[in-house]
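Undergrad: Contents are mmCIF, C-alpha atoms; file name model32.cif:
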```
data_data
loop_
_atom_site.label_atom_id
_atom_site.label_comp_id
_atom_site.auth_asym_id
_atom_site.auth_seq_id
_atom_site.Cartn_x
_atom_site.Cartn_y
_atom_site.Cartn_z
CA MET I 1 22.43 34.49 -111.32
CA ASN I 2 20.37 37.58 -110.35
CA LEU I 3 21.44 37.21 -106.72
CA SER I 4 25.10 37.35 -107.80
CA VAL I 5 24.58 40.52 -109.85
CA ASN I 6 22.70 42.25 -107.06
CA LYS I 7 25.42 41.34 -104.59
CA THR I 8 28.09 42.77 -106.90
CA GLU I 9 26.16 46.04 -107.30
CA GLU I 10 25.70 46.32 -103.52
CA THR I 11 29.43 45.77 -103.01
CA ALA I 12 30.32 48.47 -105.57
CA SER I 13 27.87 50.90 -103.98
CA ASP I 14 29.35 50.24 -100.55
CA SER I 15 32.84 50.90 -101.93
CA VAL I 16 31.83 54.28 -103.44
CA GLU I 17 30.12 55.29 -100.19
CA ALA I 18 33.16 54.27 -98.19
CA ALA I 19 35.42 56.30 -100.49
CA LYS I 20 33.21 59.40 -100.09
CA ASN I 21 33.22 59.02 -96.31
CA ALA I 22 36.99 58.65 -96.29
CA SER I 23 37.37 61.77 -98.47
CA ASN I 24 35.07 63.78 -96.20
CA LYS I 25 36.99 62.61 -93.14
CA LYS I 26 40.28 63.71 -94.78
CA GLU I 27 38.90 67.18 -95.56
CA LYS I 28 37.55 67.57 -92.02
CA LEU I 29 40.85 66.41 -90.61
CA ALA I 30 42.75 68.85 -92.85
CA ASP I 31 40.51 71.71 -91.67
CA GLN I 32 41.05 70.71 -88.04
CA VAL I 33 44.79 70.53 -88.57
CA MET I 34 44.88 73.97 -90.25
CA GLN I 35 43.00 75.42 -87.27
CA ASN I 36 45.64 74.12 -84.84
CA PRO I 37 48.02 77.04 -83.99
CA GLN I 38 50.95 74.70 -83.35
CA VAL I 39 50.54 73.04 -86.74
CA LEU I 40 50.29 76.40 -88.48
CA ALA I 41 53.42 77.65 -86.69
CA ALA I 42 55.33 74.53 -87.70
CA LEU I 43 54.16 74.90 -91.31
CA GLN I 44 55.18 78.57 -91.34
CA GLU I 45 58.64 77.73 -89.98
CA ARG I 46 59.08 75.11 -92.65
CA LEU I 47 58.05 77.57 -95.36
CA ASP I 48 60.43 80.22 -94.00
CA ASN I 49 63.32 77.78 -94.27
CA THR I 50 62.46 76.80 -97.83
CA ALA I 51 63.06 79.05 -100.86
CA LEU I 52 59.74 79.01 -102.66
CA THR I 53 58.37 81.14 -105.48
CA PRO I 54 54.90 82.64 -104.90
CA SER I 55 53.32 80.19 -107.32
CA SER I 56 55.01 77.16 -105.77
CA TYR I 57 53.96 78.36 -102.31
CA ILE I 58 50.33 78.54 -103.44
CA GLU I 59 50.58 74.96 -104.69
CA THR I 60 51.49 73.79 -101.17
CA LEU I 61 48.34 75.22 -99.62
CA PRO I 62 45.34 73.04 -98.73
CA LYS I 63 42.39 72.92 -101.10
CA ALA I 64 40.19 74.92 -98.71
CA VAL I 65 42.73 77.78 -98.64
CA LYS I 66 43.05 77.78 -102.46
CA ARG I 67 39.27 78.04 -102.67
CA ARG I 68 39.34 81.18 -100.53
CA ILE I 69 42.12 82.65 -102.69
CA ASP I 70 39.95 82.12 -105.77
CA ALA I 71 37.18 84.02 -104.00
CA LEU I 72 39.61 86.91 -103.39
CA LYS I 73 40.42 86.98 -107.12
CA GLN I 74 36.71 87.25 -107.90
CA LEU I 75 36.58 90.28 -105.58
CA GLN I 76 39.67 91.75 -107.28
CA VAL I 77 38.01 91.56 -110.70
CA LYS I 78 34.98 93.41 -109.32
CA CYS I 79 37.34 96.06 -107.90
CA ALA I 80 38.89 96.49 -111.36
CA HIS I 81 35.47 97.14 -112.91
CA ILE I 82 34.67 99.72 -110.22
CA GLU I 83 38.06 101.36 -110.89
CA ALA I 84 37.18 101.53 -114.60
CA LYS I 85 33.98 103.42 -113.74
CA PHE I 86 36.03 105.76 -111.57
CA TYR I 87 38.26 106.66 -114.51
CA GLU I 88 35.22 107.26 -116.72
CA GLU I 89 34.01 109.84 -114.20
CA VAL I 90 37.52 111.34 -114.09
CA HIS I 91 37.27 111.78 -117.87
CA ASP I 92 33.95 113.60 -117.37
CA LEU I 93 35.63 115.88 -114.81
CA GLU I 94 38.49 116.58 -117.22
CA ARG I 95 35.95 117.66 -119.83
CA LYS I 96 34.21 119.90 -117.29
CA TYR I 97 37.41 121.61 -116.16
CA ALA I 98 38.76 121.90 -119.71
CA ALA I 99 35.88 124.33 -120.31
CA LEU I 100 37.03 126.36 -117.30
CA TYR I 101 40.65 126.44 -118.50
CA GLN I 102 39.75 127.44 -122.06
CA PRO I 103 39.19 131.19 -121.48
CA LEU I 104 42.69 131.36 -119.95
CA PHE I 105 44.17 129.42 -122.87
CA ASP I 106 42.34 131.75 -125.31
CA LYS I 107 43.94 134.75 -123.61
CA ARG I 108 47.31 132.97 -123.77
CA ARG I 109 46.84 132.56 -127.53
CA GLU I 110 46.05 136.27 -127.89
CA PHE I 111 49.22 137.31 -126.04
CA ILE I 112 51.39 134.83 -128.00
CA ASN I 113 50.09 135.90 -131.42
CA GLY I 114 50.01 139.62 -130.68
CA GLU I 115 46.21 139.82 -130.85
CA ALA I 116 46.10 141.57 -127.46
CA GLU I 117 48.53 143.18 -125.02
CA PRO I 118 48.55 142.27 -121.31
CA THR I 119 47.76 145.04 -118.83
CA ASP I 120 50.33 146.12 -116.27
CA ALA I 121 48.53 144.04 -113.64
CA GLU I 122 48.47 140.97 -115.93
CA SER I 123 52.18 141.25 -116.73
CA GLU I 124 53.37 141.78 -113.15
CA TRP I 125 55.53 138.86 -112.00
CA HIS I 126 57.99 138.63 -109.10
CA SER I 127 60.79 136.17 -109.74
CA GLU I 128 63.15 134.63 -107.16
CA ASN I 129 66.16 136.49 -108.59
CA GLU I 130 64.36 139.80 -109.00
CA GLU I 131 67.18 142.05 -107.68
CA GLU I 132 69.83 140.43 -109.92
CA GLU I 133 67.49 140.62 -112.91
CA LYS I 134 66.74 144.30 -112.18
CA LEU I 135 70.46 145.14 -112.16
CA ALA I 136 71.04 143.16 -115.36
CA GLY I 137 67.97 144.79 -116.88
CA ASP I 138 69.25 148.30 -116.09
CA LEU I 139 72.53 147.55 -117.84
CA LYS I 140 70.72 146.02 -120.79
CA ASN I 141 68.36 148.99 -121.05
CA ALA I 142 71.32 151.36 -121.29
CA VAL I 143 72.61 149.37 -124.29
CA VAL I 144 69.14 149.12 -125.84
CA ILE I 145 68.54 152.88 -125.56
CA GLU I 146 71.78 153.52 -127.40
CA GLU I 147 70.84 151.00 -130.13
CA LYS I 148 67.38 152.55 -130.53
CA ALA I 149 68.91 155.94 -131.05
CA GLU I 150 70.95 154.53 -133.93
CA ALA I 151 68.55 152.15 -135.65
CA GLY I 152 65.09 152.81 -134.21
CA GLU I 153 62.94 150.32 -132.30
CA THR I 154 61.79 147.13 -134.03
CA ASN I 155 58.11 146.44 -133.44
CA VAL I 156 57.94 142.81 -132.24
CA LYS I 157 54.50 141.21 -132.34
CA GLY I 158 53.45 138.83 -129.57
CA ILE I 159 55.98 136.16 -128.57
CA PRO I 160 57.81 135.05 -131.73
CA ASP I 161 58.28 131.31 -132.35
CA PHE I 162 56.56 130.41 -129.07
CA TRP I 163 55.42 126.87 -129.95
CA PHE I 164 58.41 126.21 -132.19
CA THR I 165 60.71 127.02 -129.25
CA ILE I 166 58.84 124.45 -127.13
CA PHE I 167 59.39 121.84 -129.84
CA ARG I 168 63.07 122.71 -129.83
CA ASN I 169 63.34 122.61 -126.01
CA VAL I 170 61.63 119.25 -125.44
CA ASP I 171 63.80 116.29 -126.45
CA MET I 172 60.83 114.04 -127.18
CA LEU I 173 59.61 116.53 -129.80
CA SER I 174 62.92 117.87 -131.14
CA GLU I 175 63.90 114.33 -132.15
CA LEU I 176 60.95 114.30 -134.57
CA VAL I 177 61.62 117.72 -136.10
CA GLN I 178 63.75 117.90 -139.23
CA GLU I 179 65.43 121.06 -140.50
CA TYR I 180 62.85 121.45 -143.27
CA ASP I 181 60.02 121.18 -140.68
CA GLU I 182 61.21 124.25 -138.81
CA PRO I 183 59.90 126.98 -141.16
CA ILE I 184 56.46 125.34 -141.04
CA LEU I 185 56.37 125.04 -137.24
CA LYS I 186 57.11 128.74 -136.96
CA HIS I 187 53.56 129.27 -138.27
CA LEU I 188 52.06 127.21 -135.39
CA GLN I 189 49.82 129.56 -133.40
CA ASP I 190 48.11 127.31 -130.85
CA ILE I 191 47.63 123.73 -129.65
CA LYS I 192 44.32 122.68 -128.08
CA VAL I 193 43.06 119.53 -126.35
CA LYS I 194 39.43 118.51 -126.93
CA PHE I 195 37.71 115.72 -124.96
CA SER I 196 35.00 113.43 -126.31
CA GLU I 197 31.41 114.47 -125.62
CA PRO I 198 29.24 112.75 -122.96
CA GLY I 199 27.89 109.42 -124.18
CA GLN I 200 30.63 109.04 -126.82
CA PRO I 201 33.50 106.53 -126.56
CA MET I 202 36.36 107.88 -124.45
CA SER I 203 38.89 109.84 -126.55
CA PHE I 204 40.73 113.13 -126.83
CA SER I 205 41.88 115.19 -129.82
CA LEU I 206 44.88 117.45 -130.33
CA GLU I 207 44.29 120.47 -132.56
CA PHE I 208 47.30 122.23 -134.09
CA HIS I 209 46.28 125.70 -135.33
CA PHE I 210 48.45 127.23 -138.06
CA GLY I 211 48.55 130.68 -139.58
CA PRO I 212 48.59 131.18 -143.37
CA ASN I 213 51.72 129.64 -144.86
CA ASP I 214 53.31 128.51 -148.13
CA TYR I 215 53.19 124.79 -147.26
CA PHE I 216 49.57 123.65 -146.81
CA SER I 217 46.10 125.14 -146.93
CA ASN I 218 44.78 123.59 -143.67
CA SER I 219 44.28 126.01 -140.81
CA VAL I 220 43.96 123.15 -138.30
CA LEU I 221 45.64 119.73 -138.20
CA THR I 222 44.08 117.15 -135.87
CA LYS I 223 45.09 113.92 -134.16
CA THR I 224 42.52 111.88 -132.23
CA TYR I 225 43.43 109.26 -129.63
CA LYS I 226 40.86 106.59 -128.80
CA MET I 227 40.92 105.24 -125.27
CA LYS I 228 39.57 102.25 -123.36
CA SER I 229 38.75 102.12 -119.67
CA GLU I 230 37.74 98.55 -118.96
CA PRO I 231 39.59 95.46 -117.73
CA ASP I 232 40.70 92.96 -120.34
CA LYS I 233 38.49 89.87 -120.19
CA THR I 234 41.47 87.55 -120.60
CA ASP I 235 43.72 89.44 -118.16
CA PRO I 236 41.62 91.65 -115.84
CA PHE I 237 44.40 92.03 -113.26
CA SER I 238 46.55 94.00 -115.73
CA PHE I 239 44.12 96.96 -115.62
CA GLU I 240 45.85 100.14 -114.40
CA GLY I 241 43.53 102.79 -115.81
CA PRO I 242 42.55 104.10 -119.26
CA GLU I 243 44.87 103.22 -122.11
CA ILE I 244 45.17 104.56 -125.65
CA VAL I 245 44.17 101.80 -128.05
CA ASP I 246 44.16 103.58 -131.43
CA CYS I 247 44.65 106.95 -133.07
CA GLU I 248 43.58 108.76 -136.24
CA GLY I 249 45.33 111.59 -138.03
CA CYS I 250 44.12 113.87 -140.80
CA THR I 251 44.81 114.65 -144.44
CA ILE I 252 47.26 117.50 -144.98
CA ASP I 253 46.46 119.51 -148.10
CA TRP I 254 50.01 120.20 -149.21
CA LYS I 255 50.66 122.90 -151.76
CA LYS I 256 52.45 121.85 -154.93
CA GLY I 257 56.06 120.82 -154.28
CA LYS I 258 55.84 121.56 -150.54
CA ASN I 259 55.11 118.13 -149.06
CA VAL I 260 57.98 117.49 -146.63
CA THR I 261 56.78 113.96 -145.75
CA VAL I 262 57.96 112.61 -149.12
CA LYS I 263 61.07 113.08 -151.19
CA THR I 264 61.72 112.55 -154.87
CA ILE I 265 64.56 110.27 -155.88
CA LYS I 266 65.98 109.40 -159.29
CA LYS I 267 66.56 105.81 -160.25
CA LYS I 268 68.14 104.31 -163.37
CA GLN I 269 66.44 101.39 -165.13
CA LYS I 270 68.03 99.20 -167.79
CA HIS I 271 65.87 97.60 -170.52
CA LYS I 272 66.43 93.82 -170.53
CA GLY I 273 66.13 93.40 -174.31
CA ARG I 274 67.60 96.55 -175.84
CA GLY I 275 70.05 97.34 -173.06
CA THR I 276 69.04 101.00 -173.05
CA VAL I 277 69.06 102.91 -169.75
CA ARG I 278 66.42 105.39 -168.65
CA THR I 279 66.11 107.54 -165.54
CA ILE I 280 62.83 107.57 -163.63
CA THR I 281 61.77 109.62 -160.63
CA LYS I 282 59.67 108.30 -157.76
CA GLN I 283 58.48 109.57 -154.40
CA VAL I 284 59.47 107.77 -151.20
CA PRO I 285 58.60 108.50 -147.52
CA ASN I 286 60.69 111.16 -145.81
CA ASP I 287 61.35 111.70 -142.09
CA SER I 288 59.27 114.61 -140.79
CA PHE I 289 57.30 115.68 -137.73
CA PHE I 290 54.25 115.91 -139.97
CA ASN I 291 54.19 112.12 -140.29
CA PHE I 292 52.64 112.46 -136.82
CA PHE I 293 49.34 113.08 -138.62
CA SER I 294 49.56 109.80 -140.58
CA PRO I 295 49.86 107.19 -137.80
CA ILE I 296 50.05 103.44 -138.14
CA LYS I 297 46.53 102.01 -138.14
CA VAL I 298 45.74 99.40 -135.50
CA SER I 299 44.13 96.38 -137.15
CA GLY I 300 40.54 95.80 -136.07
CA ASP I 301 40.61 92.06 -136.85
CA GLY I 302 43.02 91.27 -134.00
CA GLU I 303 46.01 90.85 -136.32
CA SER I 304 49.22 91.62 -134.42
CA LEU I 305 51.73 94.27 -135.57
CA ASP I 306 55.40 93.62 -136.12
CA GLU I 307 57.88 94.71 -133.44
CA ASP I 308 58.93 97.96 -135.20
CA SER I 309 55.30 98.99 -135.75
CA GLU I 310 54.43 98.29 -132.12
CA PHE I 311 57.38 100.42 -130.98
CA THR I 312 56.38 103.27 -133.30
CA LEU I 313 52.77 103.14 -132.13
CA ALA I 314 53.78 103.07 -128.45
CA ALA I 315 56.01 106.13 -129.00
CA ASP I 316 53.13 107.88 -130.79
CA PHE I 317 50.79 107.21 -127.85
CA GLU I 318 53.41 108.54 -125.42
CA ILE I 319 53.82 111.77 -127.42
CA GLY I 320 50.03 112.30 -127.61
CA HIS I 321 49.73 111.79 -123.87
CA PHE I 322 52.64 114.21 -123.26
CA PHE I 323 50.98 116.94 -125.32
CA ARG I 324 47.73 116.48 -123.40
CA GLU I 325 49.14 116.18 -119.87
CA ARG I 326 52.19 118.45 -119.97
CA ILE I 327 52.75 120.65 -123.03
CA VAL I 328 49.32 122.23 -123.47
CA PRO I 329 48.55 122.88 -119.77
CA ARG I 330 52.05 124.23 -118.96
CA ALA I 331 53.21 125.68 -122.27
CA VAL I 332 54.91 128.83 -120.91
CA LEU I 333 57.09 126.74 -118.55
CA TYR I 334 58.28 124.56 -121.44
CA PHE I 335 58.95 127.73 -123.44
CA THR I 336 61.14 129.17 -120.65
CA GLY I 337 62.67 125.77 -119.84
CA GLU I 338 61.51 125.78 -116.19
CA ALA I 339 59.30 122.71 -116.64
CA ILE I 340 62.17 120.86 -118.32
CA GLU I 341 64.45 121.60 -115.34
CA ASP I 342 61.73 120.30 -113.00
CA ASP I 343 61.41 117.10 -115.08
CA ASP I 344 65.21 116.61 -115.01
CA ASN I 345 65.35 117.14 -111.24
CA PHE I 346 62.54 114.64 -110.75
CA GLU I 347 64.41 112.04 -112.82
CA GLU I 348 67.63 112.70 -110.86
CA ASP I 349 65.76 112.25 -107.55
CA GLU I 350 64.38 108.92 -108.74
CA GLU I 351 67.85 107.72 -109.80
CA GLY I 352 69.26 108.83 -106.43
CA GLU I 353 66.63 106.83 -104.57
CA GLU I 354 67.37 103.74 -106.67
CA GLU I 355 71.12 104.03 -105.96
CA GLU I 356 70.42 104.49 -102.24
CA LEU I 357 68.23 101.39 -102.18
CA GLU I 358 70.90 99.38 -104.00
CA GLY I 359 73.45 100.53 -101.43
CA GLU I 360 71.21 99.44 -98.58
CA GLU I 361 70.73 96.01 -100.17
CA GLU I 362 74.51 95.57 -100.57
CA GLY I 363 74.98 96.56 -96.93
CA GLU I 364 72.43 93.97 -95.82
CA GLU I 365 74.19 91.29 -97.87
CA GLU I 366 77.53 92.15 -96.23
CA GLU I 367 75.96 91.98 -92.76
CA ASP I 368 74.44 88.58 -93.58
CA ALA I 369 77.82 87.33 -94.81
CA GLU I 370 79.54 88.45 -91.59
CA SER I 371 76.93 86.82 -89.38
CA ASP I 372 76.99 83.53 -91.34
CA PRO I 373 79.74 81.24 -89.90
CA LYS I 374 79.87 79.21 -93.14
CA VAL I 375 81.17 82.19 -95.14
#
```
Can the structure in the file be given as structure tokens, please?
TA:
Amino acid sequence: MNLSVNKTEETASDSVEAAKNASNKKEKLADQVMQNPQVLAALQERLDNTALTPSSYIETLPKAVKRRIDALKQLQVKCAHIEAKFYEEVHDLERKYAALYQPLFDKRREFINGEAEPTDAESEWHSENEEEEKLAGDLKNAVVIEEKAEAGETNVKGIPDFWFTIFRNVDMLSELVQEYDEPILKHLQDIKVKFSEPGQPMSFSLEFHFGPNDYFSNSVLTKTYKMKSEPDKTDPFSFEGPEIVDCEGCTIDWKKGKNVTVKTIKKKQKHKGRGTVRTITKQVPNDSFFNFFSPIKVSGDGESLDEDSEFTLAADFEIGHFFRERIVPRAVLYFTGEAIEDDDNFEEDEEGEEEELEGEEEGEEEEDAESDPKV
């Protein structure tokens, strides 16, 4: 009986060993085949003649090749983490250079608000159409001199409605501004960008500085955008640089009856028992630019937002980024409209390139059709 059992075990062991040897021989053979140039050329020709998606092509590759591809993905993840560190250092550089820009922005604020007058050297600027503007200016001066003689010169302080004009010029911002927001925005004196301090989580803040007004008592309204510069653990290949992940507004101390973010409505209620009707008043949300300072809060427990909330939050992030990257650094060009013309030209160039590419693709399709005898 024991001899029979031992013989069975030996037979099973021999079978396992034989299977391992066969598997090893197959892998070695596959490697030898893949190193044969003629075999590779034949495989490539076959792939060229077969319409395969990238994923289905990968599935056709030998196990040894797939293993090397996995190694490349490991390297790609490491690259993403290095890229994240790069962007952290970029943020440090932005903070450093923001300090260098600030004296210029402070002088800009002084000129805008009439706190200082530029010298002749500071106000000298040669435009492309200088001769035409000089001729037009001479004619205008003749009219102005005559008007001054009649009514006297009006003393204009600084550059009136500077920031409000930018809001009106930029479509992204003008869409948020309601008619009742306009008188408030005319009190806006400056917009600043502040970067998080070294060692703190990556973020930036927008500061909106207002002069005394009849609407709220705050002199500064703030909006802080929190950022993340690290690859997602579940999808590291999606990393393309820092992204805004949350934002915080501030409390506006509205003066009595001046809160434009709410409106009062009247509603009639009927008593179920007595049948009497009464009128009640209640406050409901109202469209306003100043809702910008009361953003949707991103849930910290991982709970997903509904589609409308996600769209609103994405638009909010885009506006914050636009203030930081475009409006604050180039304010005078958005005031004059020159930056807007540049943006429009850039968009037109992109559309032109897309149309040109589409035309080339259509031309290639026509050439293929002509050369194909089956068509």
Undergrad: Separation of CA of Leu75 (chain I) and CA of Pro231 (chain I), in Å?
TA: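 That distance, rounded to one decimal, is 13.5 Å.
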Undergrad: By how many Å are CA of Phe239 (chain I) and CA of Met172 (chain I) apart?
TA: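 Taking CA of Phe239 (chain I) as the start and CA of Met172 (chain I) as the end point, the length is 26.5 Å.
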Undergrad: Do you know which residues are at most 9 Å from Glu243 (chain I) counting all atoms listed in the file, after dropping those on the same chain fewer than 3 positions away, and could you put them as a VMD selection string?
TA: chain I and resid 226 to 229 240
Undergrad: Just give me the gap between CA of Phe105 (chain I) and CA of Ile319 (chain I) in Å, one decimal is fine.
TA: 20.6 Å
Undergrad: List, as a list in words, every residue that the PyMOL selection byres ((chain I and resi 188) around 8) selects in the file provided.
TA: Trp163, Phe164, Ile184, Leu185, Lys186, His187, Gln189, Asp190, Phe208, His209, Phe210 and Gly211 of chain I
Undergrad: For the file shown, report as a PyMOL selection string the outcome of the PyMOL selection byres ((chain I and resi 244-249) around 9) at residue level.
TA: chain I and resi 203+221-228+242-243+250-251+292-298+313+316-317+321
Undergrad: Emit as lines of an AutoDock Vina configuration file the padded axis-aligned box for all listed atoms of region 308-312 of chain I, 5 Å per side, with centre and edge lengths in Å to one decimal.
TA:
```
center_x = 56.7
center_y = 100.6
center_z = -133.4
size_x = 14.5
size_y = 15.3
size_z = 14.8
```
